[in-house]
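Worksheet: the structure to be examined is printed underneath.
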There are 2 protein chains.
Amino acid sequence: MVQKDSGTRRGRPRNFDEGKVLQQVQDAFWKGGFEGTSIDDLTDATGLNRPSLYGAFGDKHTLYIEALRQYRVATAAAGRKILEDAGTLREGLGELYKAAIRIYMGDEEGRGCFVSSTAPPEAVRDASVRRELAAMNDELDALFEARIARAQADGETCIALPPDEAARVASSVLHSLSVRARGGAPRKALHALAESAINLIAPARN
Amino acid sequence: MVQKDSGTRRGRPRNFDEGKVLQQVQDAFWKGGFEGTSIDDLTDATGLNRPSLYGAFGDKHTLYIEALRQYRVATAAAGRKILEDAGTLREGLGELYKAAIRIYMGDEEGRGCFVSSTAPPEAVRDASVRRELAAMNDELDALFEARIARAQADGETCIALPPDEAARVASSVLHSLSVRARGGAPRKALHALAESAINLIAPARN
DNA sequence: AGGATTTTTTACCAAATGGTACAAAAAGAT
DNA sequence: ATCTTTTTGTACCATTTGGTAAAAAATCCT
(Lines give C-alpha, C1' and ligand atoms only; values in the text may rest on other atoms or scores of the structure.)
Protein backbone atom coordinates (compact mmCIF):
# COMPACT_ATOMS: atom_id res chain seq x y z
CA MET A 1 0.00 0.00 0.00
CA VAL A 2 2.61 2.48 1.08
CA GLN A 3 6.14 2.62 -0.25
CA LYS A 4 8.63 -0.03 0.83
CA ASP A 5 11.64 0.48 3.08
CA SER A 6 13.68 1.64 0.12
CA GLY A 7 13.38 5.37 -0.28
CA THR A 8 12.64 5.10 -4.01
CA ARG A 9 9.05 4.60 -5.10
CA ARG A 10 8.36 2.18 -7.88
CA GLY A 11 6.14 2.69 -10.87
CA ARG A 12 5.37 5.83 -12.78
CA PRO A 13 6.04 8.89 -10.64
CA ARG A 14 3.35 11.37 -9.63
CA ASN A 15 3.07 14.43 -11.77
CA PHE A 16 1.78 16.77 -9.06
CA ASP A 17 2.35 17.94 -5.53
CA GLU A 18 -0.25 16.53 -3.20
CA GLY A 19 -0.36 19.53 -0.88
CA LYS A 20 -0.65 21.98 -3.75
CA VAL A 21 -3.47 19.99 -5.30
CA LEU A 22 -5.29 19.85 -2.00
CA GLN A 23 -4.93 23.62 -1.80
CA GLN A 24 -6.52 24.02 -5.23
CA VAL A 25 -9.27 21.63 -4.25
CA GLN A 26 -9.86 23.72 -1.15
CA ASP A 27 -10.15 26.87 -3.24
CA ALA A 28 -12.73 25.20 -5.47
CA PHE A 29 -14.83 23.98 -2.55
CA TRP A 30 -14.41 27.39 -0.93
CA LYS A 31 -16.18 29.08 -3.82
CA GLY A 32 -19.04 26.66 -4.26
CA GLY A 33 -19.33 24.49 -1.18
CA PHE A 34 -19.29 20.70 -1.15
CA GLU A 35 -22.46 19.95 -3.08
CA GLY A 36 -22.02 22.95 -5.32
CA THR A 37 -18.65 21.80 -6.58
CA SER A 38 -18.56 19.00 -9.14
CA ILE A 39 -15.71 16.64 -9.93
CA ASP A 40 -15.34 18.49 -13.21
CA ASP A 41 -14.84 21.70 -11.23
CA LEU A 42 -12.13 19.94 -9.26
CA THR A 43 -10.32 18.61 -12.32
CA ASP A 44 -10.47 22.08 -13.85
CA ALA A 45 -9.09 23.63 -10.67
CA THR A 46 -6.26 21.14 -10.27
CA GLY A 47 -5.40 20.24 -13.84
CA LEU A 48 -5.60 16.57 -12.85
CA ASN A 49 -7.98 14.11 -14.42
CA ARG A 50 -10.46 12.14 -12.41
CA PRO A 51 -8.54 8.89 -11.91
CA SER A 52 -5.54 10.84 -10.62
CA LEU A 53 -7.67 12.61 -8.07
CA TYR A 54 -9.36 9.41 -7.02
CA GLY A 55 -6.05 7.56 -6.86
CA ALA A 56 -4.29 10.13 -4.72
CA PHE A 57 -7.15 10.85 -2.35
CA GLY A 58 -10.36 8.89 -2.12
CA ASP A 59 -13.71 9.97 -3.38
CA LYS A 60 -15.12 13.50 -3.42
CA HIS A 61 -16.17 13.27 0.19
CA THR A 62 -12.77 12.40 1.65
CA LEU A 63 -11.28 15.05 -0.60
CA TYR A 64 -13.51 17.61 1.05
CA ILE A 65 -12.79 16.32 4.55
CA GLU A 66 -9.05 16.49 3.87
CA ALA A 67 -9.41 20.07 2.65
CA LEU A 68 -11.32 20.99 5.80
CA ARG A 69 -8.66 19.36 7.96
CA GLN A 70 -5.78 21.08 6.18
CA TYR A 71 -7.48 24.46 6.51
CA ARG A 72 -8.21 23.93 10.18
CA VAL A 73 -4.66 22.90 11.04
CA ALA A 74 -3.07 25.71 9.04
CA THR A 75 -5.47 28.31 10.37
CA ALA A 76 -5.06 27.28 13.97
CA ALA A 77 -1.26 27.33 13.67
CA ALA A 78 -1.23 30.73 12.00
CA GLY A 79 -3.66 32.16 14.52
CA ARG A 80 -1.73 30.81 17.47
CA LYS A 81 1.46 32.35 16.15
CA ILE A 82 -0.14 35.75 15.65
CA LEU A 83 -1.55 35.78 19.16
CA GLU A 84 1.63 34.54 20.81
CA ASP A 85 3.90 36.92 18.96
CA ALA A 86 1.85 39.93 19.93
CA GLY A 87 3.05 41.93 22.91
CA THR A 88 -0.41 42.60 24.25
CA LEU A 89 -3.78 40.94 23.95
CA ARG A 90 -5.20 43.99 22.26
CA GLU A 91 -2.48 43.95 19.64
CA GLY A 92 -2.86 40.21 19.20
CA LEU A 93 -6.61 40.44 18.64
CA GLY A 94 -6.08 43.34 16.24
CA GLU A 95 -3.52 41.46 14.19
CA LEU A 96 -5.55 38.26 14.15
CA TYR A 97 -8.76 39.93 13.08
CA LYS A 98 -6.85 41.87 10.44
CA ALA A 99 -5.38 38.66 9.07
CA ALA A 100 -8.76 36.98 9.14
CA ILE A 101 -10.38 39.82 7.24
CA ARG A 102 -7.62 39.69 4.65
CA ILE A 103 -8.38 36.00 4.09
CA TYR A 104 -12.14 36.34 4.24
CA MET A 105 -12.10 39.13 1.67
CA GLY A 106 -9.64 37.41 -0.69
CA ASP A 107 -9.69 39.27 -4.03
CA GLU A 108 -12.68 41.30 -2.87
CA GLU A 109 -14.97 38.37 -3.50
CA GLY A 110 -16.15 37.90 0.09
CA ARG A 111 -15.49 34.24 0.56
CA GLY A 112 -15.45 34.16 4.36
CA CYS A 113 -13.99 31.31 6.39
CA PHE A 114 -13.71 28.10 4.39
CA VAL A 115 -15.01 25.90 7.19
CA SER A 116 -17.83 28.00 8.58
CA SER A 117 -18.98 29.01 5.09
CA THR A 118 -19.16 25.57 3.51
CA ALA A 119 -19.43 22.96 6.28
CA PRO A 120 -22.72 23.97 7.93
CA PRO A 121 -25.10 22.81 5.19
CA GLU A 122 -23.58 19.32 5.23
CA ALA A 123 -23.13 19.15 8.99
CA VAL A 124 -26.63 17.98 9.84
CA ARG A 125 -26.56 14.87 7.69
CA ASP A 126 -22.83 14.22 7.58
CA ALA A 127 -21.27 13.40 10.94
CA SER A 128 -17.68 13.66 9.75
CA VAL A 129 -18.24 17.17 8.43
CA ARG A 130 -19.97 18.05 11.67
CA ARG A 131 -16.96 16.82 13.62
CA GLU A 132 -14.61 18.91 11.51
CA LEU A 133 -16.76 21.97 12.07
CA ALA A 134 -16.82 21.33 15.81
CA ALA A 135 -13.05 20.81 15.85
CA MET A 136 -12.51 24.12 14.10
CA ASN A 137 -14.74 25.92 16.56
CA ASP A 138 -13.09 24.27 19.55
CA GLU A 139 -9.59 25.03 18.35
CA LEU A 140 -10.41 28.68 17.85
CA ASP A 141 -11.89 28.88 21.33
CA ALA A 142 -8.80 27.25 22.82
CA LEU A 143 -6.52 29.59 20.88
CA PHE A 144 -8.13 32.69 22.26
CA GLU A 145 -8.48 31.26 25.73
CA ALA A 146 -4.76 30.57 26.06
CA ARG A 147 -3.82 34.08 25.00
CA ILE A 148 -6.43 35.73 27.18
CA ALA A 149 -5.36 33.69 30.18
CA ARG A 150 -1.80 34.83 29.62
CA ALA A 151 -2.91 38.44 29.38
CA GLN A 152 -4.85 38.12 32.56
CA ALA A 153 -1.92 36.50 34.33
CA ASP A 154 0.23 39.41 33.19
CA GLY A 155 -2.34 41.73 34.70
CA GLU A 156 -2.37 43.32 31.30
CA THR A 157 -5.84 44.71 30.99
CA CYS A 158 -9.05 44.77 32.94
CA ILE A 159 -10.91 41.91 31.33
CA ALA A 160 -14.51 41.68 32.39
CA LEU A 161 -14.89 37.93 31.87
CA PRO A 162 -12.97 34.78 32.74
CA PRO A 163 -10.68 33.65 29.90
CA ASP A 164 -12.87 30.81 28.61
CA GLU A 165 -15.89 33.09 28.36
CA ALA A 166 -14.03 35.98 26.79
CA ALA A 167 -12.44 33.55 24.34
CA ARG A 168 -15.80 32.34 23.11
CA VAL A 169 -16.91 35.87 22.49
CA ALA A 170 -13.67 36.52 20.64
CA SER A 171 -14.24 33.59 18.28
CA SER A 172 -17.84 34.64 17.84
CA VAL A 173 -16.46 37.72 16.15
CA LEU A 174 -14.62 35.50 13.68
CA HIS A 175 -17.82 33.62 12.92
CA SER A 176 -19.56 36.88 12.28
CA LEU A 177 -16.79 38.35 10.14
CA SER A 178 -17.05 35.25 7.98
CA VAL A 179 -20.78 35.31 7.41
CA ARG A 180 -20.73 39.06 6.85
CA ALA A 181 -17.94 38.80 4.32
CA ARG A 182 -19.89 36.09 2.54
CA GLY A 183 -22.88 38.42 2.47
CA GLY A 184 -20.85 41.02 0.65
CA ALA A 185 -20.11 43.38 3.50
CA PRO A 186 -17.42 45.98 2.73
CA ARG A 187 -13.98 45.64 4.28
CA LYS A 188 -14.56 48.79 6.27
CA ALA A 189 -17.53 47.28 8.08
CA LEU A 190 -15.54 44.20 9.02
CA HIS A 191 -12.69 46.26 10.45
CA ALA A 192 -15.18 48.37 12.37
CA LEU A 193 -16.73 45.28 13.95
CA ALA A 194 -13.30 43.95 14.86
CA GLU A 195 -12.34 47.18 16.57
CA SER A 196 -15.63 47.39 18.44
CA ALA A 197 -15.21 43.85 19.69
CA ILE A 198 -11.65 44.47 20.82
CA ASN A 199 -12.79 47.47 22.79
CA LEU A 200 -15.36 45.31 24.53
CA ILE A 201 -13.21 42.26 25.18
CA ALA A 202 -9.96 43.96 26.05
CA PRO A 203 -10.69 47.62 26.67
CA ALA A 204 -7.80 50.04 26.44
CA ARG A 205 -6.64 51.16 29.88
CA ASN A 206 -6.77 54.89 30.17
CA MET B 1 -52.33 36.05 -14.17
CA VAL B 2 -53.73 36.95 -10.80
CA GLN B 3 -57.35 36.49 -9.80
CA LYS B 4 -59.97 38.84 -11.20
CA ASP B 5 -61.91 41.44 -9.25
CA SER B 6 -64.42 38.82 -8.24
CA GLY B 7 -63.36 37.17 -5.01
CA THR B 8 -63.84 33.69 -6.46
CA ARG B 9 -60.98 32.04 -8.33
CA ARG B 10 -61.76 30.09 -11.46
CA GLY B 11 -60.49 26.66 -12.35
CA ARG B 12 -59.62 23.75 -10.13
CA PRO B 13 -58.87 24.97 -6.61
CA ARG B 14 -55.51 24.55 -4.95
CA ASN B 15 -55.21 21.61 -2.67
CA PHE B 16 -52.65 23.16 -0.31
CA ASP B 17 -51.83 26.23 1.72
CA GLU B 18 -49.06 28.22 0.09
CA GLY B 19 -47.55 29.45 3.34
CA LYS B 20 -47.57 26.02 4.91
CA VAL B 21 -45.91 24.49 1.88
CA LEU B 22 -43.25 27.18 1.90
CA GLN B 23 -42.66 26.36 5.54
CA GLN B 24 -42.13 22.69 4.70
CA VAL B 25 -39.85 23.66 1.85
CA GLN B 26 -37.90 25.80 4.27
CA ASP B 27 -37.50 22.88 6.66
CA ALA B 28 -36.18 20.70 3.86
CA PHE B 29 -33.65 23.29 2.70
CA TRP B 30 -32.77 23.90 6.34
CA LYS B 31 -31.60 20.33 6.77
CA GLY B 32 -29.65 19.94 3.54
CA GLY B 33 -28.96 23.37 2.10
CA PHE B 34 -29.88 24.49 -1.39
CA GLU B 35 -27.71 22.19 -3.47
CA GLY B 36 -28.08 19.34 -1.02
CA THR B 37 -31.86 19.28 -1.34
CA SER B 38 -33.37 17.76 -4.47
CA ILE B 39 -36.79 18.36 -5.95
CA ASP B 40 -37.69 14.86 -4.82
CA ASP B 41 -36.79 15.88 -1.28
CA LEU B 42 -39.12 18.84 -1.66
CA THR B 43 -42.03 16.80 -2.99
CA ASP B 44 -41.53 14.34 -0.14
CA ALA B 45 -41.48 17.16 2.40
CA THR B 46 -44.55 18.90 1.03
CA GLY B 47 -46.65 16.06 -0.31
CA LEU B 48 -47.01 17.99 -3.55
CA ASN B 49 -45.87 16.71 -6.90
CA ARG B 50 -43.41 18.57 -9.06
CA PRO B 51 -45.77 20.45 -11.38
CA SER B 52 -47.75 21.75 -8.41
CA LEU B 53 -44.59 23.12 -6.84
CA TYR B 54 -43.49 24.65 -10.11
CA GLY B 55 -46.92 26.07 -10.77
CA ALA B 56 -47.29 27.72 -7.40
CA PHE B 57 -43.77 29.06 -7.09
CA GLY B 58 -41.20 29.09 -9.83
CA ASP B 59 -38.21 26.83 -10.12
CA LYS B 60 -36.11 25.44 -7.30
CA HIS B 61 -34.09 28.61 -7.06
CA THR B 62 -36.99 31.01 -6.52
CA LEU B 63 -38.44 28.49 -4.09
CA TYR B 64 -35.27 28.78 -2.05
CA ILE B 65 -35.19 32.56 -2.28
CA GLU B 66 -38.81 32.74 -1.13
CA ALA B 67 -37.99 30.49 1.83
CA LEU B 68 -35.07 32.73 2.77
CA ARG B 69 -37.27 35.79 2.53
CA GLN B 70 -40.07 34.33 4.62
CA TYR B 71 -37.59 33.28 7.30
CA ARG B 72 -35.95 36.66 7.36
CA VAL B 73 -39.20 38.58 7.66
CA ALA B 74 -40.61 36.29 10.33
CA THR B 75 -37.38 36.23 12.31
CA ALA B 76 -36.92 39.97 12.23
CA ALA B 77 -40.50 40.55 13.36
CA ALA B 78 -40.24 38.04 16.19
CA GLY B 79 -36.89 39.42 17.30
CA ARG B 80 -38.11 42.99 17.25
CA LYS B 81 -41.11 42.08 19.37
CA ILE B 82 -38.98 40.27 21.93
CA LEU B 83 -36.61 43.19 22.28
CA GLU B 84 -39.32 45.82 22.42
CA ASP B 85 -41.43 43.95 24.96
CA ALA B 86 -38.54 43.52 27.33
CA GLY B 87 -38.27 45.98 30.18
CA THR B 88 -34.52 46.24 30.03
CA LEU B 89 -31.89 45.65 27.40
CA ARG B 90 -30.37 42.86 29.46
CA GLU B 91 -33.70 41.08 29.69
CA GLY B 92 -34.33 41.64 26.01
CA LEU B 93 -30.99 40.19 24.96
CA GLY B 94 -31.53 37.26 27.30
CA GLU B 95 -34.96 36.49 25.91
CA LEU B 96 -33.85 36.89 22.31
CA TYR B 97 -30.83 34.65 22.66
CA LYS B 98 -32.94 32.11 24.51
CA ALA B 99 -35.46 32.09 21.68
CA ALA B 100 -32.69 31.83 19.10
CA ILE B 101 -31.11 28.87 20.86
CA ARG B 102 -34.48 27.16 21.02
CA ILE B 103 -34.82 27.50 17.25
CA TYR B 104 -31.21 26.68 16.45
CA MET B 105 -31.39 23.49 18.51
CA GLY B 106 -34.76 22.36 17.14
CA ASP B 107 -35.29 18.72 18.15
CA GLU B 108 -31.71 18.52 19.39
CA GLU B 109 -30.47 18.24 15.83
CA GLY B 110 -28.40 21.42 15.81
CA ARG B 111 -29.71 23.08 12.71
CA GLY B 112 -28.61 26.64 13.45
CA CYS B 113 -30.03 29.67 11.67
CA PHE B 114 -31.64 28.81 8.34
CA VAL B 115 -30.09 31.73 6.50
CA SER B 116 -26.58 31.77 7.89
CA SER B 117 -26.33 27.97 7.73
CA THR B 118 -27.46 27.46 4.16
CA ALA B 119 -26.98 30.70 2.24
CA PRO B 120 -23.19 31.20 2.52
CA PRO B 121 -22.10 28.42 0.13
CA GLU B 122 -24.28 29.82 -2.63
CA ALA B 123 -23.62 33.46 -1.86
CA VAL B 124 -20.39 33.78 -3.82
CA ARG B 125 -21.84 32.70 -7.16
CA ASP B 126 -25.47 33.65 -6.64
CA ALA B 127 -26.08 37.36 -6.21
CA SER B 128 -29.70 37.02 -5.14
CA VAL B 129 -28.76 34.65 -2.33
CA ARG B 130 -25.98 37.00 -1.34
CA ARG B 131 -28.46 39.87 -1.19
CA GLU B 132 -30.78 37.85 1.04
CA LEU B 133 -27.92 37.01 3.35
CA ALA B 134 -26.88 40.63 3.52
CA ALA B 135 -30.46 41.69 4.17
CA MET B 136 -30.74 39.25 7.07
CA ASN B 137 -27.50 40.52 8.58
CA ASP B 138 -28.51 44.13 8.16
CA GLU B 139 -31.93 43.63 9.69
CA LEU B 140 -30.47 41.93 12.73
CA ASP B 141 -28.00 44.76 13.17
CA ALA B 142 -30.78 47.33 12.91
CA LEU B 143 -32.93 45.39 15.37
CA PHE B 144 -30.30 45.43 18.05
CA GLU B 145 -29.26 48.97 17.34
CA ALA B 146 -32.75 50.33 17.89
CA ARG B 147 -33.14 48.59 21.22
CA ILE B 148 -29.67 49.52 22.42
CA ALA B 149 -30.23 53.15 21.48
CA ARG B 150 -33.43 53.13 23.51
CA ALA B 151 -31.64 51.63 26.48
CA GLN B 152 -28.94 54.23 26.26
CA ALA B 153 -31.48 57.02 26.00
CA ASP B 154 -33.14 55.65 29.11
CA GLY B 155 -29.78 55.78 30.83
CA GLU B 156 -30.44 52.17 31.58
CA THR B 157 -26.99 50.65 31.73
CA CYS B 158 -23.41 51.70 31.24
CA ILE B 159 -22.83 50.57 27.68
CA ALA B 160 -19.23 50.78 26.60
CA LEU B 161 -19.93 51.26 22.89
CA PRO B 162 -22.17 53.44 20.72
CA PRO B 163 -25.41 51.68 19.77
CA ASP B 164 -24.44 50.76 16.21
CA GLU B 165 -21.20 49.16 17.34
CA ALA B 166 -22.71 47.31 20.27
CA ALA B 167 -25.48 46.10 17.99
CA ARG B 168 -23.04 44.52 15.58
CA VAL B 169 -21.38 42.66 18.39
CA ALA B 170 -24.79 41.52 19.59
CA SER B 171 -25.66 40.04 16.21
CA SER B 172 -22.22 38.47 16.00
CA VAL B 173 -23.29 36.35 18.92
CA LEU B 174 -26.26 35.12 16.91
CA HIS B 175 -23.97 34.20 14.01
CA SER B 176 -21.79 32.26 16.39
CA LEU B 177 -24.65 30.50 18.13
CA SER B 178 -25.80 29.32 14.73
CA VAL B 179 -22.51 27.89 13.54
CA ARG B 180 -21.86 26.31 16.92
CA ALA B 181 -25.26 24.68 16.99
CA ARG B 182 -24.64 23.34 13.50
CA GLY B 183 -21.35 21.93 14.75
CA GLY B 184 -23.17 19.95 17.39
CA ALA B 185 -22.44 22.12 20.42
CA PRO B 186 -24.56 21.29 23.47
CA ARG B 187 -27.33 23.63 24.54
CA LYS B 188 -25.47 24.45 27.71
CA ALA B 189 -22.51 25.86 25.78
CA LEU B 190 -24.78 28.08 23.73
CA HIS B 191 -26.51 29.49 26.79
CA ALA B 192 -23.15 30.10 28.40
CA LEU B 193 -21.96 32.08 25.41
CA ALA B 194 -25.15 34.12 25.40
CA GLU B 195 -24.77 35.00 29.05
CA SER B 196 -21.12 35.92 28.64
CA ALA B 197 -21.95 38.18 25.74
CA ILE B 198 -24.73 39.90 27.62
CA ASN B 199 -22.39 40.61 30.50
CA LEU B 200 -19.99 42.24 28.06
CA ILE B 201 -22.49 44.21 26.02
CA ALA B 202 -24.85 45.30 28.77
CA PRO B 203 -23.12 44.67 32.08
CA ALA B 204 -25.29 44.45 35.16
CA ARG B 205 -25.06 47.59 37.25
CA ASN B 206 -24.03 46.77 40.78
C1' DA C 1 -75.61 21.11 -19.10
C1' DG C 2 -71.53 22.63 -21.47
C1' DG C 3 -67.48 25.39 -22.15
C1' DA C 4 -63.56 27.81 -19.89
C1' DT C 5 -59.88 27.74 -16.71
C1' DT C 6 -56.82 26.13 -13.45
C1' DT C 7 -54.68 22.32 -10.85
C1' DT C 8 -53.29 17.66 -10.42
C1' DT C 9 -51.35 13.32 -12.03
C1' DT C 10 -48.42 10.47 -14.66
C1' DA C 11 -44.89 9.92 -17.45
C1' DC C 12 -41.02 11.43 -19.49
C1' DC C 13 -36.48 13.91 -21.11
C1' DA C 14 -31.95 15.85 -21.74
C1' DA C 15 -28.16 17.06 -19.03
C1' DA C 16 -25.12 16.63 -15.28
C1' DT C 17 -23.43 13.86 -11.62
C1' DG C 18 -20.06 10.67 -9.02
C1' DG C 19 -17.42 6.99 -10.04
C1' DT C 20 -14.75 3.34 -12.79
C1' DA C 21 -12.69 0.00 -16.56
C1' DC C 22 -9.03 -0.37 -19.46
C1' DA C 23 -5.16 0.40 -21.99
C1' DA C 24 -1.02 3.34 -22.73
C1' DA C 25 2.96 5.44 -20.48
C1' DA C 26 6.70 6.04 -17.31
C1' DA C 27 9.50 4.71 -13.96
C1' DG C 28 12.25 0.97 -11.01
C1' DA C 29 13.79 -4.05 -10.34
C1' DT C 30 16.13 -8.08 -12.07
C1' DA D 1 15.98 -6.02 -22.28
C1' DT D 2 12.11 -7.63 -19.90
C1' DC D 3 8.97 -7.68 -16.15
C1' DT D 4 6.54 -5.14 -12.29
C1' DT D 5 4.41 -1.51 -10.50
C1' DT D 6 2.24 2.75 -10.36
C1' DT D 7 0.21 6.79 -12.69
C1' DT D 8 -2.01 8.91 -16.56
C1' DG D 9 -5.43 9.50 -20.30
C1' DT D 10 -9.67 8.27 -22.63
C1' DA D 11 -13.83 6.65 -22.67
C1' DC D 12 -17.59 5.10 -20.53
C1' DC D 13 -21.64 3.91 -17.22
C1' DA D 14 -25.60 3.94 -14.14
C1' DT D 15 -27.93 7.17 -11.39
C1' DT D 16 -29.64 11.42 -10.14
C1' DT D 17 -30.73 15.89 -11.33
C1' DG D 18 -33.91 19.97 -12.58
C1' DG D 19 -37.56 20.69 -15.46
C1' DT D 20 -41.73 19.81 -18.61
C1' DA D 21 -45.46 17.79 -21.93
C1' DA D 22 -49.94 16.08 -22.00
C1' DA D 23 -54.07 14.41 -20.42
C1' DA D 24 -57.38 13.83 -16.59
C1' DA D 25 -59.87 16.13 -12.83
C1' DA D 26 -62.15 19.76 -10.40
C1' DT D 27 -64.03 24.05 -10.04
C1' DC D 28 -66.45 28.53 -12.00
C1' DC D 29 -69.20 31.03 -15.56
C1' DT D 30 -73.02 31.37 -18.71
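Chain identifiers are assigned as A, B, and so on, following the order in which chains appear in the C-alpha coordinates; residues are numbered from 1 within each chain, and ligands are numbered from 1 in order of appearance.
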
Mind the document's chain letters and residue numbers, and return as a PyMOL selection string the residues of range 66-146 of chain B that DSSP labels alpha helix (DSSP H). chain B and resi 66-85+89-104+114-118+120-123+127-146

Give me, as JSON, numbers by chain, all polymer residues having an atom no more than 10 Å from range 7-20 of chain C, counting only C-alpha atoms (C1' of nucleotides) and skipping those fewer than 5 positions away in the same chain. {"A": [38, 39, 40, 50, 51, 54, 59, 60], "B": [11, 12, 13, 14, 15, 48, 49, 50, 51, 52, 55, 56], "D": [12, 13, 14, 15, 16, 17, 18, 19, 20, 21, 22, 23, 24, 25, 26, 27]}

I'd like the contact shell of Lys81 in chain B - 12 Å cut-off, only C-alpha atoms (C1' of nucleotides), skipping same-chain residues fewer than 3 positions apart - returned as a PDB file with N, CA and C atoms, in the first residue's frame.
ATOM      1  N   ALA B  74     -40.034  36.807   9.094  1.00  0.00           N
ATOM      2  CA  ALA B  74     -40.614  36.290  10.335  1.00  0.00           C
ATOM      3  C   ALA B  74     -39.640  36.439  11.494  1.00  0.00           C
ATOM      4  N   THR B  75     -38.374  36.154  11.240  1.00  0.00           N
ATOM      5  CA  THR B  75     -37.384  36.228  12.306  1.00  0.00           C
ATOM      6  C   THR B  75     -37.190  37.653  12.794  1.00  0.00           C
ATOM      7  N   ALA B  76     -37.112  38.581  11.854  1.00  0.00           N
ATOM      8  CA  ALA B  76     -36.917  39.974  12.231  1.00  0.00           C
ATOM      9  C   ALA B  76     -38.108  40.473  13.044  1.00  0.00           C
ATOM     10  N   ALA B  77     -39.319  40.102  12.627  1.00  0.00           N
ATOM     11  CA  ALA B  77     -40.500  40.547  13.360  1.00  0.00           C
ATOM     12  C   ALA B  77     -40.512  39.971  14.770  1.00  0.00           C
ATOM     13  N   ALA B  78     -40.232  38.677  14.875  1.00  0.00           N
ATOM     14  CA  ALA B  78     -40.241  38.044  16.194  1.00  0.00           C
ATOM     15  C   ALA B  78     -39.160  38.646  17.085  1.00  0.00           C
ATOM     16  N   GLU B  84     -38.497  44.673  22.027  1.00  0.00           N
ATOM     17  CA  GLU B  84     -39.322  45.817  22.423  1.00  0.00           C
ATOM     18  C   GLU B  84     -40.128  45.529  23.685  1.00  0.00           C
ATOM     19  N   ASP B  85     -40.592  44.289  23.811  1.00  0.00           N
ATOM     20  CA  ASP B  85     -41.433  43.951  24.957  1.00  0.00           C
ATOM     21  C   ASP B  85     -40.646  43.866  26.260  1.00  0.00           C
ATOM     22  N   ALA B  86     -39.343  43.694  26.125  1.00  0.00           N
ATOM     23  CA  ALA B  86     -38.545  43.524  27.334  1.00  0.00           C
ATOM     24  C   ALA B  86     -38.382  44.848  28.071  1.00  0.00           C
ATOM     25  N   GLY B  87     -38.384  44.770  29.398  1.00  0.00           N
ATOM     26  CA  GLY B  87     -38.273  45.978  30.184  1.00  0.00           C
ATOM     27  C   GLY B  87     -36.892  46.592  30.119  1.00  0.00           C
ATOM     28  N   GLY B  92     -34.023  41.824  27.426  1.00  0.00           N
ATOM     29  CA  GLY B  92     -34.326  41.642  26.010  1.00  0.00           C
ATOM     30  C   GLY B  92     -33.299  40.746  25.325  1.00  0.00           C
ATOM     31  N   LEU B  93     -32.039  41.028  25.558  1.00  0.00           N
ATOM     32  CA  LEU B  93     -30.995  40.191  24.961  1.00  0.00           C
ATOM     33  C   LEU B  93     -31.133  38.752  25.456  1.00  0.00           C
ATOM     34  N   GLU B  95     -33.805  37.152  26.509  1.00  0.00           N
ATOM     35  CA  GLU B  95     -34.959  36.485  25.906  1.00  0.00           C
ATOM     36  C   GLU B  95     -34.696  36.166  24.441  1.00  0.00           C
ATOM     37  N   LEU B  96     -34.077  37.107  23.737  1.00  0.00           N
ATOM     38  CA  LEU B  96     -33.852  36.887  22.309  1.00  0.00           C
ATOM     39  C   LEU B  96     -32.858  35.745  22.081  1.00  0.00           C
ATOM     40  N   ALA B  99     -34.581  32.500  22.783  1.00  0.00           N
ATOM     41  CA  ALA B  99     -35.458  32.094  21.677  1.00  0.00           C
ATOM     42  C   ALA B  99     -34.633  31.576  20.501  1.00  0.00           C
ATOM     43  N   LEU B 143     -32.115  45.829  14.232  1.00  0.00           N
ATOM     44  CA  LEU B 143     -32.927  45.390  15.366  1.00  0.00           C
ATOM     45  C   LEU B 143     -32.257  45.705  16.686  1.00  0.00           C
ATOM     46  N   PHE B 144     -31.033  45.229  16.809  1.00  0.00           N
ATOM     47  CA  PHE B 144     -30.296  45.432  18.053  1.00  0.00           C
ATOM     48  C   PHE B 144     -30.002  46.918  18.272  1.00  0.00           C
ATOM     49  N   ALA B 146     -31.608  49.557  17.402  1.00  0.00           N
ATOM     50  CA  ALA B 146     -32.747  50.334  17.887  1.00  0.00           C
ATOM     51  C   ALA B 146     -32.957  50.121  19.384  1.00  0.00           C
ATOM     52  N   ARG B 147     -32.872  48.868  19.803  1.00  0.00           N
ATOM     53  CA  ARG B 147     -33.135  48.592  21.221  1.00  0.00           C
ATOM     54  C   ARG B 147     -32.023  49.125  22.117  1.00  0.00           C
TER      55      ARG B 147
END

For Gly36 in chain A, which residue out of A:Thr118, A:Thr8, A:Ser172, A:Ser196 is the nearest one, using only C-alpha atoms?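 Closest candidate: A:Thr118.
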
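Between CA of Ile82 in chain B and CA of Ile198 in chain A the interatomic distance comes to 27.7 Å.
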
Distance limit 9 Å, atoms considered: only C-alpha atoms. Which chain B residues sit that close to chain A? Return them as a count of residues only. 57

Calculate how many Å separate CA of Gly58 in chain B from CA of Arg9 in chain B, rounding to one decimal.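 That distance, rounded to one decimal, is 20.1 Å.
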
Please, which residues of chain C lie no more than 6 Å from chain A when the count uses only C-alpha atoms (C1' of nucleotides), and can they be set out as an MDAnalysis selection string? chainID C and resid 26:28

Would you mind exporting N, CA and C atoms (P, O5', C5', C4', C3', O3' and C1' of nucleotides) of the selected residues as a PDB file, in the first residue's frame?
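out.pdb, freshly written:
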ATOM      1  P    DA C  26       5.727   8.581 -21.644  1.00  0.00           P
ATOM      2  O5'  DA C  26       6.484   8.448 -20.243  1.00  0.00           O
ATOM      3  C5'  DA C  26       5.872   8.996 -19.080  1.00  0.00           C
ATOM      4  C4'  DA C  26       6.335   8.267 -17.848  1.00  0.00           C
ATOM      5  C3'  DA C  26       7.859   8.051 -17.770  1.00  0.00           C
ATOM      6  O3'  DA C  26       8.344   8.513 -16.528  1.00  0.00           O
ATOM      7  C1'  DA C  26       6.702   6.035 -17.313  1.00  0.00           C
ATOM      8  P    DA C  27       9.815   9.173 -16.433  1.00  0.00           P
ATOM      9  O5'  DA C  27      10.672   8.021 -15.708  1.00  0.00           O
ATOM     10  C5'  DA C  27      10.845   8.099 -14.329  1.00  0.00           C
ATOM     11  C4'  DA C  27      10.440   6.796 -13.656  1.00  0.00           C
ATOM     12  C3'  DA C  27      11.576   5.809 -13.396  1.00  0.00           C
ATOM     13  O3'  DA C  27      12.271   6.173 -12.228  1.00  0.00           O
ATOM     14  C1'  DA C  27       9.495   4.712 -13.962  1.00  0.00           C
ATOM     15  P    DG C  28      13.731   5.574 -11.957  1.00  0.00           P
ATOM     16  O5'  DG C  28      13.400   4.191 -11.222  1.00  0.00           O
ATOM     17  C5'  DG C  28      12.745   4.219  -9.961  1.00  0.00           C
ATOM     18  C4'  DG C  28      12.315   2.817  -9.549  1.00  0.00           C
ATOM     19  C3'  DG C  28      13.484   1.886  -9.219  1.00  0.00           C
ATOM     20  O3'  DG C  28      13.135   1.054  -8.122  1.00  0.00           O
ATOM     21  C1'  DG C  28      12.252   0.975 -11.015  1.00  0.00           C
TER      22       DG C  28
END

What is the CA of Tyr71 in chain B to CA of Thr43 in chain B distance in Å?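 If I compute the distance from CA of Tyr71 in chain B to CA of Thr43 in chain B, I get 19.9 Å.
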
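Applying a distance limit of 8 Å to only C-alpha atoms (C1' of nucleotides), the residues of chain D near chain A read DT4, DT5, DT6, DT7, DT8 and DG9 of chain D.
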